[in-house]
file input-v1.tsv (TSV, C-alpha atoms)
chain	number	residue	atom	x	y	z
A	17	MET	CA	39.72	-12.65	12.87
A	18	SER	CA	40.40	-15.19	15.62
A	19	LEU	CA	42.44	-14.45	18.72
A	20	LYS	CA	45.20	-16.85	17.60
A	21	ASN	CA	45.63	-15.08	14.25
A	22	ASP	CA	45.53	-11.65	15.90
A	23	ILE	CA	48.33	-12.58	18.31
A	24	LYS	CA	50.39	-14.09	15.48
A	25	GLU	CA	50.04	-10.87	13.48
A	26	LEU	CA	51.18	-8.82	16.45
A	27	ILE	CA	54.26	-11.05	16.90
A	28	ASP	CA	55.12	-10.95	13.17
A	29	ASN	CA	55.00	-7.17	13.20
A	30	GLN	CA	57.13	-7.08	16.38
A	31	VAL	CA	54.44	-5.29	18.36
A	32	ILE	CA	54.72	-7.80	21.23
A	33	ASP	CA	57.17	-10.59	22.09
A	34	GLN	CA	56.40	-14.28	22.49
A	35	ALA	CA	56.21	-14.12	26.31
A	36	THR	CA	53.62	-11.33	26.18
A	37	ALA	CA	51.69	-13.26	23.54
A	38	ASP	CA	51.59	-16.34	25.77
A	39	ARG	CA	50.29	-14.28	28.71
A	40	ILE	CA	47.56	-12.69	26.56
A	41	ALA	CA	46.51	-16.08	25.22
A	42	SER	CA	46.44	-17.58	28.73
A	43	TYR	CA	44.39	-14.67	30.06
A	44	TYR	CA	41.68	-14.88	27.40
A	45	LEU	CA	41.65	-18.66	27.57
A	46	SER	CA	41.04	-18.61	31.32
A	47	LYS	CA	38.41	-15.90	30.95
A	48	LYS	CA	36.65	-17.92	28.29
A	49	ARG	CA	36.64	-20.98	30.49
A	50	SER	CA	35.19	-19.05	33.43
A	51	ILE	CA	32.31	-17.77	31.29
A	52	ASN	CA	31.53	-20.93	29.44
A	53	VAL	CA	31.99	-23.37	32.30
A	54	THR	CA	31.63	-21.71	35.68
A	55	ALA	CA	28.72	-19.44	34.78
A	56	ILE	CA	26.78	-22.16	33.00
A	57	ILE	CA	27.33	-24.70	35.78
A	58	SER	CA	26.28	-22.12	38.38
A	59	ALA	CA	23.11	-21.29	36.46
A	60	VAL	CA	22.22	-24.95	35.99
A	61	ALA	CA	22.92	-25.66	39.66
A	62	ALA	CA	20.72	-22.76	40.76
A	63	ILE	CA	17.87	-23.99	38.54
A	64	LEU	CA	18.20	-27.52	39.92
A	65	VAL	CA	18.29	-26.33	43.52
A	66	GLY	CA	15.35	-23.99	42.96
A	67	THR	CA	13.33	-26.69	41.24
A	68	GLY	CA	14.11	-29.11	44.04
A	69	VAL	CA	13.04	-26.66	46.74
A	70	ILE	CA	9.80	-25.88	44.89
A	71	SER	CA	9.09	-29.60	44.47
A	72	ILE	CA	9.66	-30.32	48.17
A	73	VAL	CA	7.53	-27.37	49.25
A	74	ALA	CA	4.76	-28.24	46.79
A	75	TYR	CA	4.72	-31.89	47.93
A	76	ASN	CA	4.41	-30.91	51.59
A	77	TRP	CA	2.34	-27.77	51.01
A	78	ASP	CA	-0.83	-28.99	52.72
A	79	ASP	CA	1.12	-30.19	55.78
A	80	LEU	CA	2.81	-26.82	56.40
A	81	PRO	CA	1.31	-24.43	58.98
A	82	ASN	CA	-0.52	-21.42	57.59
A	83	PHE	CA	2.05	-18.91	58.82
A	84	VAL	CA	4.86	-20.85	57.08
A	85	ARG	CA	2.89	-20.98	53.86
A	86	THR	CA	2.16	-17.27	54.22
A	87	LEU	CA	5.87	-16.50	54.64
A	88	ILE	CA	6.66	-18.56	51.55
A	89	GLY	CA	3.86	-16.83	49.66
A	90	ILE	CA	5.25	-13.40	50.51
A	91	ILE	CA	8.61	-14.26	48.92
A	92	PRO	CA	7.63	-13.32	45.31
A	93	TRP	CA	6.38	-9.88	46.31
A	94	ALA	CA	9.33	-9.33	48.67
A	95	ALA	CA	11.78	-10.30	45.93
A	96	SER	CA	10.16	-8.02	43.34
A	97	SER	CA	9.95	-5.15	45.84
A	98	PHE	CA	13.63	-5.57	46.64
A	99	GLY	CA	14.35	-5.52	42.91
A	100	CYS	CA	12.53	-2.20	42.60
A	101	TYR	CA	14.45	-0.79	45.59
A	102	TYR	CA	17.76	-1.98	44.16
A	103	THR	CA	16.97	-0.43	40.78
A	104	LEU	CA	15.93	2.94	42.24
A	105	ARG	CA	19.04	3.04	44.38
A	106	ASN	CA	21.67	1.76	41.95
A	107	LYS	CA	20.28	1.96	38.40
A	108	PRO	CA	17.69	4.77	38.38
A	109	ASP	CA	18.57	5.96	34.87
A	110	GLN	CA	18.53	2.57	33.13
A	111	LYS	CA	15.16	2.20	31.41
A	112	SER	CA	15.49	-1.53	30.89
A	113	TRP	CA	15.91	-2.13	34.63
A	114	ASN	CA	13.07	0.21	35.56
A	115	GLU	CA	10.65	-1.33	33.08
A	116	ALA	CA	11.60	-4.92	33.97
A	117	MET	CA	11.38	-4.40	37.73
A	118	ALA	CA	8.05	-2.57	37.47
A	119	ILE	CA	6.52	-5.47	35.53
A	120	LEU	CA	8.14	-7.96	37.91
A	121	GLN	CA	6.54	-6.13	40.82
A	122	LEU	CA	3.08	-6.65	39.32
A	123	ALA	CA	3.83	-10.33	38.73
A	124	GLY	CA	5.30	-10.75	42.24
A	125	PHE	CA	2.35	-9.14	44.00
A	126	SER	CA	-0.15	-11.09	41.88
A	127	ALA	CA	1.59	-14.36	42.79
A	128	THR	CA	1.71	-13.49	46.50
A	129	PHE	CA	-1.89	-12.31	46.54
A	130	ALA	CA	-3.07	-15.48	44.79
A	131	ILE	CA	-1.16	-17.71	47.24
A	132	VAL	CA	-2.52	-15.87	50.29
A	133	ASN	CA	-6.06	-16.10	48.90
A	134	GLN	CA	-5.61	-19.81	48.43
A	135	ILE	CA	-4.22	-20.31	51.93
A	136	TYR	CA	-7.01	-18.48	53.73
A	137	GLN	CA	-9.75	-19.41	51.23
A	138	VAL	CA	-10.61	-15.80	50.46
A	139	GLN	CA	-13.53	-15.76	48.05
A	140	LEU	CA	-12.62	-13.14	45.45
A	141	ASP	CA	-13.84	-13.17	41.88
A	142	GLY	CA	-11.48	-12.43	39.02
A	143	GLU	CA	-12.70	-8.84	38.65
A	144	ALA	CA	-12.00	-7.89	42.28
A	145	PHE	CA	-8.65	-9.71	42.19
A	146	ALA	CA	-7.56	-7.78	39.11
A	147	CYS	CA	-8.70	-4.44	40.59
A	148	ILE	CA	-6.66	-4.96	43.77
A	149	CYS	CA	-3.57	-5.93	41.75
A	150	VAL	CA	-4.00	-2.82	39.60
A	151	LEU	CA	-4.40	-0.44	42.55
A	152	VAL	CA	-1.41	-1.88	44.44
A	153	SER	CA	0.80	-1.68	41.35
A	154	LEU	CA	-0.32	1.80	40.29
A	155	PRO	CA	2.19	3.70	42.52
A	156	PHE	CA	5.04	1.76	40.89
A	157	VAL	CA	4.11	3.34	37.55
A	158	PHE	CA	5.28	6.65	39.00
A	159	LEU	CA	8.10	5.29	41.19
A	160	MET	CA	9.70	3.38	38.33
A	161	ARG	CA	8.46	5.78	35.63
A	162	SER	CA	7.37	2.72	33.68
A	163	ALA	CA	5.50	3.11	30.40
A	164	CYS	CA	5.19	-0.66	30.03
A	165	LEU	CA	3.55	-1.14	33.44
A	166	SER	CA	1.13	1.71	32.76
A	167	ALA	CA	0.17	0.06	29.47
A	168	ILE	CA	-0.40	-3.30	31.18
A	169	LEU	CA	-2.54	-1.75	33.93
A	170	ILE	CA	-4.62	0.17	31.40
A	171	SER	CA	-5.17	-3.00	29.38
A	172	MET	CA	-6.26	-4.85	32.52
A	173	VAL	CA	-8.69	-2.11	33.48
A	174	CYS	CA	-10.13	-2.00	29.96
A	175	LEU	CA	-10.77	-5.74	30.11
A	176	ILE	CA	-12.47	-5.25	33.47
A	177	GLY	CA	-14.64	-2.53	31.95
A	178	PHE	CA	-16.23	-4.89	29.45
A	179	ASP	CA	-18.14	-6.58	32.27
A	180	CYS	CA	-18.00	-4.09	35.13
A	181	ARG	CA	-20.57	-5.06	37.77
A	182	ASP	CA	-19.80	-3.33	41.09
A	183	ILE	CA	-18.89	0.13	42.34
A	184	PHE	CA	-15.38	-0.94	43.40
A	185	SER	CA	-14.47	-1.87	39.82
A	186	LYS	CA	-15.90	1.38	38.46
A	187	ILE	CA	-13.95	3.42	41.02
A	188	THR	CA	-10.79	1.52	40.07
A	189	MET	CA	-11.31	2.35	36.40
A	190	TYR	CA	-11.66	6.06	37.02
A	191	VAL	CA	-8.73	6.15	39.48
A	192	VAL	CA	-6.50	4.58	36.85
A	193	LEU	CA	-7.86	6.96	34.21
A	194	VAL	CA	-7.01	10.05	36.27
A	195	ALA	CA	-3.64	8.62	37.32
A	196	ASP	CA	-2.75	7.84	33.72
A	197	VAL	CA	-3.56	11.36	32.57
A	198	ALA	CA	-1.23	12.66	35.31
A	199	PHE	CA	1.44	10.14	34.28
A	200	LEU	CA	1.27	11.12	30.62
A	201	TYR	CA	1.56	14.80	31.50
A	202	ASP	CA	4.38	14.43	34.00
A	203	TYR	CA	6.42	11.83	32.14
A	204	TYR	CA	5.89	12.55	28.48
A	205	TYR	CA	5.23	16.26	28.49
A	206	ARG	CA	7.86	17.38	30.96
A	207	LYS	CA	10.30	14.46	30.61
A	208	SER	CA	9.64	12.97	27.19
A	209	GLU	CA	11.98	10.13	26.27
A	210	GLY	CA	12.49	8.52	22.89
A	211	PHE	CA	10.72	5.48	21.51
A	212	LEU	CA	8.54	4.66	24.52
A	213	CYS	CA	7.32	8.23	24.46
A	214	SER	CA	6.28	7.91	20.82
A	215	LEU	CA	4.62	4.55	21.33
A	216	ARG	CA	2.86	5.41	24.57
A	217	VAL	CA	1.70	8.93	23.71
A	218	VAL	CA	0.54	8.16	20.20
A	219	GLY	CA	-0.65	4.57	20.25
A	220	LEU	CA	-2.27	3.55	23.49
A	221	PRO	CA	-4.23	6.71	24.35
A	222	VAL	CA	-6.25	6.16	21.17
A	223	PHE	CA	-7.56	2.89	22.58
A	224	TRP	CA	-7.69	4.33	26.08
A	225	VAL	CA	-9.80	7.38	25.19
A	226	SER	CA	-12.13	5.57	22.81
A	227	PHE	CA	-12.74	2.70	25.22
A	228	PHE	CA	-13.36	4.89	28.24
A	229	PHE	CA	-15.58	7.12	26.17
A	230	LEU	CA	-17.86	4.12	25.75
A	231	ILE	CA	-17.52	3.24	29.45
A	232	ILE	CA	-18.32	6.79	30.56
A	233	GLY	CA	-21.25	6.94	28.15
A	234	ARG	CA	-22.61	3.70	29.56
A	235	ASP	CA	-22.20	4.83	33.18
A	236	LEU	CA	-23.99	8.11	32.44
A	237	GLY	CA	-26.92	6.19	31.01
A	238	MET	CA	-26.38	7.29	27.41
A	239	ARG	CA	-27.54	5.12	24.54
A	240	VAL	CA	-24.11	4.25	23.25
A	241	TRP	CA	-25.19	1.67	20.68
A	242	ASN	CA	-27.83	3.73	18.91
A	243	ASN	CA	-28.54	4.55	15.29
A	244	LEU	CA	-26.02	7.39	15.30
A	245	PHE	CA	-23.16	5.27	16.61
A	246	PRO	CA	-21.50	4.86	13.15
A	247	CYS	CA	-21.16	8.66	13.01
A	248	LEU	CA	-18.75	8.43	15.94
A	249	PHE	CA	-16.16	6.85	13.65
A	250	LEU	CA	-16.16	9.93	11.41
A	251	ILE	CA	-15.88	12.22	14.42
A	252	PHE	CA	-13.18	10.03	15.94
A	253	ALA	CA	-11.17	10.33	12.72
A	254	SER	CA	-11.07	14.13	12.94
A	255	VAL	CA	-10.37	14.04	16.68
A	256	SER	CA	-7.36	11.85	15.89
A	257	TYR	CA	-6.09	14.49	13.49
A	258	VAL	CA	-6.67	17.20	16.11
A	259	MET	CA	-4.49	15.18	18.51
A	260	TYR	CA	-1.89	14.76	15.76
A	261	GLU	CA	-1.72	18.53	15.25
A	262	TRP	CA	-1.50	19.19	18.98
A	263	ILE	CA	1.39	16.76	19.45
A	264	GLY	CA	3.18	18.11	16.38
A	265	GLN	CA	2.93	21.69	17.65
A	266	SER	CA	4.23	20.84	21.11
A	267	ASP	CA	7.91	21.61	21.62
A	268	ARG	CA	8.25	19.29	24.61
A	269	ILE	CA	6.84	16.09	23.18
A	270	LYS	CA	9.36	14.27	21.03
A	271	SER	CA	6.78	12.14	19.27
A	272	ARG	CA	5.39	13.64	16.06
A	273	GLY	CA	2.13	11.71	16.41
A	274	THR	CA	2.41	10.24	12.92
A	275	ILE	CA	0.29	7.22	13.86
A	276	LEU	CA	-2.61	9.55	14.61
A	277	LYS	CA	-2.29	11.05	11.14
A	278	TYR	CA	-2.44	7.60	9.58
A	279	LEU	CA	-5.36	6.75	11.84
A	280	PHE	CA	-7.40	9.59	10.39
A	281	TYR	CA	-7.14	8.19	6.86
A	282	LEU	CA	-7.56	4.62	8.06
A	283	VAL	CA	-10.88	5.46	9.79
A	284	PHE	CA	-12.30	8.31	7.72
A	285	PHE	CA	-12.32	6.89	4.20
A	286	PRO	CA	-13.65	3.41	5.08
A	287	SER	CA	-16.40	5.24	6.98
A	288	LEU	CA	-17.23	7.20	3.82
A	289	LEU	CA	-17.59	3.94	1.93
A	290	TYR	CA	-19.80	2.51	4.69
A	291	PHE	CA	-22.21	5.46	4.61
A	292	SER	CA	-22.21	5.44	0.81
A	293	HIS	CA	-23.61	1.93	1.01
A	294	GLU	CA	-25.71	1.96	4.18
A	295	GLY	CA	-26.72	5.55	4.87
A	296	VAL	CA	-28.01	6.43	8.37
A	297	LYS	CA	-31.29	5.14	9.73
A	298	ASP	CA	-33.48	8.16	10.28
A	299	TYR	CA	-35.30	7.19	13.47
A	300	TYR	CA	-33.62	8.40	16.66
A	301	ASP	CA	-34.36	10.47	19.73
A	302	ALA	CA	-32.91	13.84	20.68
A	303	LYS	CA	-30.85	12.25	23.46
A	304	ASP	CA	-29.07	10.13	20.84
A	305	PHE	CA	-27.19	13.27	19.80
A	306	ILE	CA	-25.59	13.74	23.23
A	307	LEU	CA	-22.78	11.27	22.62
A	308	PRO	CA	-21.72	12.61	19.18
A	309	ILE	CA	-21.78	16.19	20.51
A	310	ILE	CA	-19.53	15.27	23.45
A	311	ALA	CA	-17.22	13.36	21.11
A	312	ALA	CA	-16.96	16.40	18.83
A	313	LEU	CA	-15.93	18.83	21.59
A	314	PRO	CA	-12.19	18.62	20.73
A	315	ILE	CA	-13.09	19.54	17.13
A	316	PHE	CA	-15.11	22.57	18.23
A	317	VAL	CA	-12.30	23.74	20.53
A	318	SER	CA	-9.58	23.23	17.90
A	319	VAL	CA	-11.47	24.99	15.11
A	320	GLY	CA	-12.51	27.80	17.46
A	321	LEU	CA	-8.93	28.43	18.57
A	322	LYS	CA	-7.68	28.45	14.98
A	323	LEU	CA	-10.36	30.91	13.87
A	324	SER	CA	-9.73	33.16	16.89
A	325	LYS	CA	-6.10	33.40	15.77
A	326	SER	CA	-7.13	34.11	12.17
A	327	LYS	CA	-5.77	30.76	11.03
A	328	VAL	CA	-7.45	28.41	8.59
A	329	PRO	CA	-8.13	25.00	10.22
A	330	GLN	CA	-6.86	21.94	8.37
A	331	TRP	CA	-9.76	20.26	6.57
A	332	GLN	CA	-8.95	16.96	8.27
A	333	THR	CA	-9.75	18.46	11.69
A	334	TRP	CA	-13.39	19.21	10.87
A	335	ILE	CA	-14.35	17.07	7.87
A	336	GLY	CA	-15.35	14.10	10.07
A	337	LEU	CA	-17.92	16.17	11.96
A	338	ALA	CA	-19.17	17.83	8.78
A	339	PHE	CA	-19.72	14.55	7.00
A	340	ALA	CA	-21.41	13.06	10.09
A	341	VAL	CA	-23.93	15.92	9.91
A	342	ILE	CA	-24.40	15.34	6.19
A	343	ALA	CA	-24.94	11.63	6.76
A	344	VAL	CA	-27.61	12.34	9.40
A	345	ILE	CA	-29.39	14.86	7.15
A	346	CYS	CA	-29.39	12.48	4.18
A	347	GLY	CA	-30.63	9.67	6.40
A	348	GLU	CA	-31.36	6.43	4.57
A	349	HIS	CA	-30.91	8.09	1.18
A	350	ASN	CA	-27.47	6.64	0.74
A	351	TYR	CA	-27.20	7.81	-2.88
A	352	ALA	CA	-27.08	11.44	-1.63
A	353	THR	CA	-24.49	10.50	0.96
A	354	ALA	CA	-22.51	8.72	-1.75
A	355	LEU	CA	-22.31	11.95	-3.79
A	356	PHE	CA	-20.91	13.85	-0.82
A	357	ALA	CA	-18.44	11.02	-0.22
A	358	LEU	CA	-17.30	11.23	-3.83
A	359	ALA	CA	-16.79	14.98	-3.43
A	360	ALA	CA	-14.67	14.43	-0.29
A	361	ILE	CA	-12.56	11.80	-2.03
A	362	ALA	CA	-12.07	14.00	-5.10
A	363	TYR	CA	-11.08	16.96	-2.92
A	364	CYS	CA	-8.52	14.87	-1.05
A	365	LEU	CA	-7.09	13.65	-4.37
A	366	TYR	CA	-6.87	17.24	-5.59
A	367	MET	CA	-5.11	18.37	-2.39
A	368	SER	CA	-2.62	15.50	-2.66
A	369	CYS	CA	-1.59	16.81	-6.09
A	370	GLN	CA	-1.22	20.30	-4.64
A	371	ASP	CA	1.07	19.40	-1.77
A	372	TYR	CA	2.66	16.24	-3.28
A	373	ASP	CA	1.39	14.04	-0.46
A	374	LEU	CA	1.74	10.38	-1.44
A	375	LEU	CA	-0.27	9.17	1.54
A	376	LYS	CA	-3.31	11.27	0.68
A	377	MET	CA	-2.98	10.48	-2.99
A	378	ASN	CA	-2.85	6.70	-2.55
A	379	VAL	CA	-5.66	6.68	0.02
A	380	SER	CA	-7.78	8.85	-2.30
A	381	ILE	CA	-7.26	6.57	-5.31
A	382	LEU	CA	-8.01	3.44	-3.32
A	383	SER	CA	-11.09	5.10	-1.83
A	384	LEU	CA	-12.23	6.26	-5.26
A	385	PHE	CA	-12.15	2.73	-6.65
A	386	GLY	CA	-13.64	1.40	-3.44
A	387	TRP	CA	-16.46	3.91	-3.88
A	388	ALA	CA	-16.98	2.67	-7.43
A	389	PHE	CA	-17.28	-0.90	-6.20
A	390	VAL	CA	-19.72	0.09	-3.46
A	391	VAL	CA	-21.97	2.15	-5.75
A	392	LEU	CA	-21.83	-0.21	-8.72
A	393	GLY	CA	-22.54	-3.11	-6.38
A	394	ASN	CA	-26.15	-1.90	-6.24
A	395	TYR	CA	-26.53	-2.77	-9.92
A	396	ASN	CA	-26.38	-6.14	-11.58
A	397	LEU	CA	-23.31	-5.46	-13.74
A	398	PRO	CA	-21.26	-8.04	-15.65
A	399	PHE	CA	-18.41	-9.51	-13.64
A	400	TYR	CA	-15.77	-8.50	-16.19
A	401	LEU	CA	-16.43	-4.82	-15.45
A	402	TYR	CA	-15.03	-5.30	-11.96
A	403	GLY	CA	-11.92	-6.82	-13.50
A	404	LEU	CA	-11.54	-3.74	-15.69
A	405	ILE	CA	-11.90	-1.54	-12.60
A	406	LEU	CA	-9.12	-3.45	-10.86
A	407	ILE	CA	-6.86	-3.04	-13.91
A	408	LEU	CA	-7.57	0.69	-13.96
A	409	LEU	CA	-6.83	0.86	-10.25
A	410	GLY	CA	-3.41	-0.71	-10.72
A	411	VAL	CA	-2.55	1.56	-13.64
A	412	ALA	CA	-3.77	4.65	-11.78
A	413	LEU	CA	-1.68	3.83	-8.71
A	414	ILE	CA	1.46	3.38	-10.80
A	415	LEU	CA	1.00	6.52	-12.92
A	416	MET	CA	-0.09	8.79	-10.05
A	417	ASN	CA	2.73	7.67	-7.76
A	418	LYS	CA	5.23	8.26	-10.54
A	419	TYR	CA	3.71	11.68	-11.22
A	420	ILE	CA	3.82	12.79	-7.57
A	421	ILE	CA	7.36	11.50	-7.03
A	422	GLU	CA	8.63	13.35	-10.11
A	423	LYS	CA	6.83	16.51	-8.99
A	424	LYS	CA	8.40	16.27	-5.55
A	425	ARG	CA	11.86	15.87	-7.06
A	426	SER	CA	11.44	18.73	-9.51
A	427	ASN	CA	10.19	21.05	-6.74
A	428	GLY	CA	12.76	19.95	-4.17
A	429	VAL	CA	10.17	18.54	-1.77
A	430	THR	CA	11.78	15.95	0.52
A	431	GLU	CA	8.83	14.98	2.72
A	432	ASN	CA	5.08	15.28	2.93
A	433	ARG	CA	3.73	18.46	4.29

call {"tool": "encode", "arguments": {"input": "input-v1.tsv", "output": "structure tokens"}}
result
Amino acid sequence: MSLKNDIKELIDNQVIDQATADRIASYYLSKKRSINVTAIISAVAAILVGTGVISIVAYNWDDLPNFVRTLIGIIPWAASSFGCYYTLRNKPDQKSWNEAMAILQLAGFSATFAIVNQIYQVQLDGEAFACICVLVSLPFVFLMRSACLSAILISMVCLIGFDCRDIFSKITMYVVLVADVAFLYDYYYRKSEGFLCSLRVVGLPVFWVSFFFLIIGRDLGMRVWNNLFPCLFLIFASVSYVMYEWIGQSDRIKSRGTILKYLFYLVFFPSLLYFSHEGVKDYYDAKDFILPIIAALPIFVSVGLKLSKSKVPQWQTWIGLAFAVIAVICGEHNYATALFALAAIAYCLYMSCQDYDLLKMNVSILSLFGWAFVVLGNYNLPFYLYGLILILLGVALILMNKYIIEKKRSNGVTENR
């Protein structure tokens, strides 16, 4: 309802008199004017003044002495640093302020650094410029406890890593790697907080670990892109599930790591289909195995700890490594690999019916029909057969989903186990 109707209702019900109603109306009317007029005019005026000052300075930029230009160039970083100080002093518990000021600090320093480089004609390439900005901004990740800034810095360093040429850039990458591990432990293990915790712990480390695994492998002189490289996807799938279990068992981390669970199925089953079609080329050196063995260390540790406690490891935690070994043994004989892939898909489908897991069931059915397409694609079959397969796929998805849902209801299961 509008203010006018509200006041009229209060008068009709004798809650307030006419004089009080007039004062209330006058108060809100004046408040509305101050917001809509004064604030807007002030904002517009500030923009105009700021634009005018920037235009004057830009027009006379080359005529200004270097020290004046340097002072002007320092303003962005000084302003962002003051914003960080103000936030830490007055709004330390407000995440929006901390995140915004941390990002603003990176932008402010980058602007100041770029202006100073331009003034004094410092010859820095883009890689060195980015590394300096990252290192200067890294302490603000901890000061402001900013997940967003840490994500930005990691992304910048990963981009640097694609074409890392000098020792300074490599040192920067490893400094940020170590600092980020400390940040994740301190912030998300001891002081986990809501949505950013879930997003940061579960999502970005997947990219972070996988990317730096390639970087570390390259720096150690390993043959990263060798014939066994596709096997890393299978191993990575199981490592993702190991991380999912670890996060789920931790009492201090609020995130359940669900994205890592989905990642296992997203990576593992397409990899099965790939090996069913391609197989593994059977010419490689002994040193080619170094990278897969290092990648599989979390699997060995997880399975070993489970067995030492007389617990049965989840099949998802080791199946990636097991199938990678099978794929290597079968080599280029992809038909043998395809049989093992079919067995893995069938087992997953069976387990989904045992524990009423819709995710596993749907992934298994889709993978089963995908497997049929991959295997039958080696034969010159009539096109209509593929249409029949698609029809069967649709029917199977409908019937199996209905079956699992009814089973869950009849057994009182409310969520996947």

call {"tool": "closest_residue", "arguments": {"input": "input-v1.tsv", "among": "A:Ser383, A:Asn243, A:Asn378, A:Thr128", "to": "A:Ile88", "atoms": "all atoms listed in the file"}}
result
A:Thr128

call {"tool": "residues_around", "arguments": {"input": "input-v1.tsv", "residues": "A:Ile183", "least_positions_apart": "4", "cutoff": "12 Å", "atoms": "all atoms listed in the file", "output": "PDB file with C-alpha atoms, in the frame of the given file"}}
result
ATOM      1  CA  GLU A 143     -12.700  -8.840  38.650  1.00  0.00           C
ATOM      2  CA  ALA A 144     -12.000  -7.890  42.280  1.00  0.00           C
ATOM      3  CA  CYS A 147      -8.700  -4.440  40.590  1.00  0.00           C
ATOM      4  CA  GLY A 177     -14.640  -2.530  31.950  1.00  0.00           C
ATOM      5  CA  ILE A 187     -13.950   3.420  41.020  1.00  0.00           C
ATOM      6  CA  THR A 188     -10.790   1.520  40.070  1.00  0.00           C
ATOM      7  CA  MET A 189     -11.310   2.350  36.400  1.00  0.00           C
ATOM      8  CA  TYR A 190     -11.660   6.060  37.020  1.00  0.00           C
ATOM      9  CA  ASP A 235     -22.200   4.830  33.180  1.00  0.00           C
TER      10      ASP A 235
END

call {"tool": "atom_distance", "arguments": {"input": "input-v1.tsv", "atom1": "atom CA of A:Cys174", "atom2": "atom CA of A:Thr333"}}
result
27.4 Å

call {"tool": "residues_around", "arguments": {"input": "input-v1.tsv", "residues": "stretch 418-421 of chain A", "least_positions_apart": "3", "cutoff": "7 Å", "atoms": "all atoms listed in the file", "output": "list in words"}}
result
Cys369, Tyr372, Leu374, Ile414, Leu415, Lys424 and Arg425 of chain A

call {"tool": "closest_residue", "arguments": {"input": "input-v1.tsv", "among": "A:Val317, A:Ile90, A:Ala311, A:Ile170", "to": "A:Gly233", "atoms": "all atoms listed in the file"}}
result
A:Ala311

call {"tool": "atom_distance", "arguments": {"input": "input-v1.tsv", "atom1": "atom CA of A:Asp304", "atom2": "atom CA of A:Phe252"}}
result
16.6 Å

call {"tool": "closest_residue", "arguments": {"input": "input-v1.tsv", "among": "A:Gln137, A:Ser185, A:Gln121, A:Ser287", "to": "A:Leu165", "atoms": "only C-alpha atoms"}}
result
A:Gln121

call {"tool": "atom_distance", "arguments": {"input": "input-v1.tsv", "atom1": "atom CA of A:Tyr260", "atom2": "atom CA of A:Asp373"}}
result
16.6 Å

call {"tool": "decode", "arguments": {"input": "input-v1.tsv", "residues": "stretch 20-44 of chain A", "atoms": "C-alpha atoms", "output": "tab-separated table (two decimals), in the first residue's frame"}}
result
chain	number	residue	atom	x	y	z
A	20	LYS	CA	-1.14	8.14	1.61
A	21	ASN	CA	-3.50	5.16	1.98
A	22	ASP	CA	-1.66	3.93	5.08
A	23	ILE	CA	-2.04	7.30	6.81
A	24	LYS	CA	-5.71	7.50	5.83
A	25	GLU	CA	-6.33	4.05	7.33
A	26	LEU	CA	-4.66	5.08	10.56
A	27	ILE	CA	-6.83	8.22	10.77
A	28	ASP	CA	-10.04	6.29	9.99
A	29	ASN	CA	-9.27	3.83	12.77
A	30	GLN	CA	-8.47	6.71	15.16
A	31	VAL	CA	-4.92	5.51	15.70
A	32	ILE	CA	-3.51	9.00	15.00
A	33	ASP	CA	-5.07	12.45	14.60
A	34	GLN	CA	-4.90	14.70	11.55
A	35	ALA	CA	-2.04	16.84	12.93
A	36	THR	CA	0.13	13.76	13.51
A	37	ALA	CA	-0.76	12.49	10.05
A	38	ASP	CA	0.36	15.78	8.50
A	39	ARG	CA	3.69	15.64	10.35
A	40	ILE	CA	4.31	12.04	9.25
A	41	ALA	CA	3.49	12.90	5.64
A	42	SER	CA	5.76	15.97	5.74
A	43	TYR	CA	8.61	13.95	7.24
A	44	TYR	CA	8.55	11.20	4.62
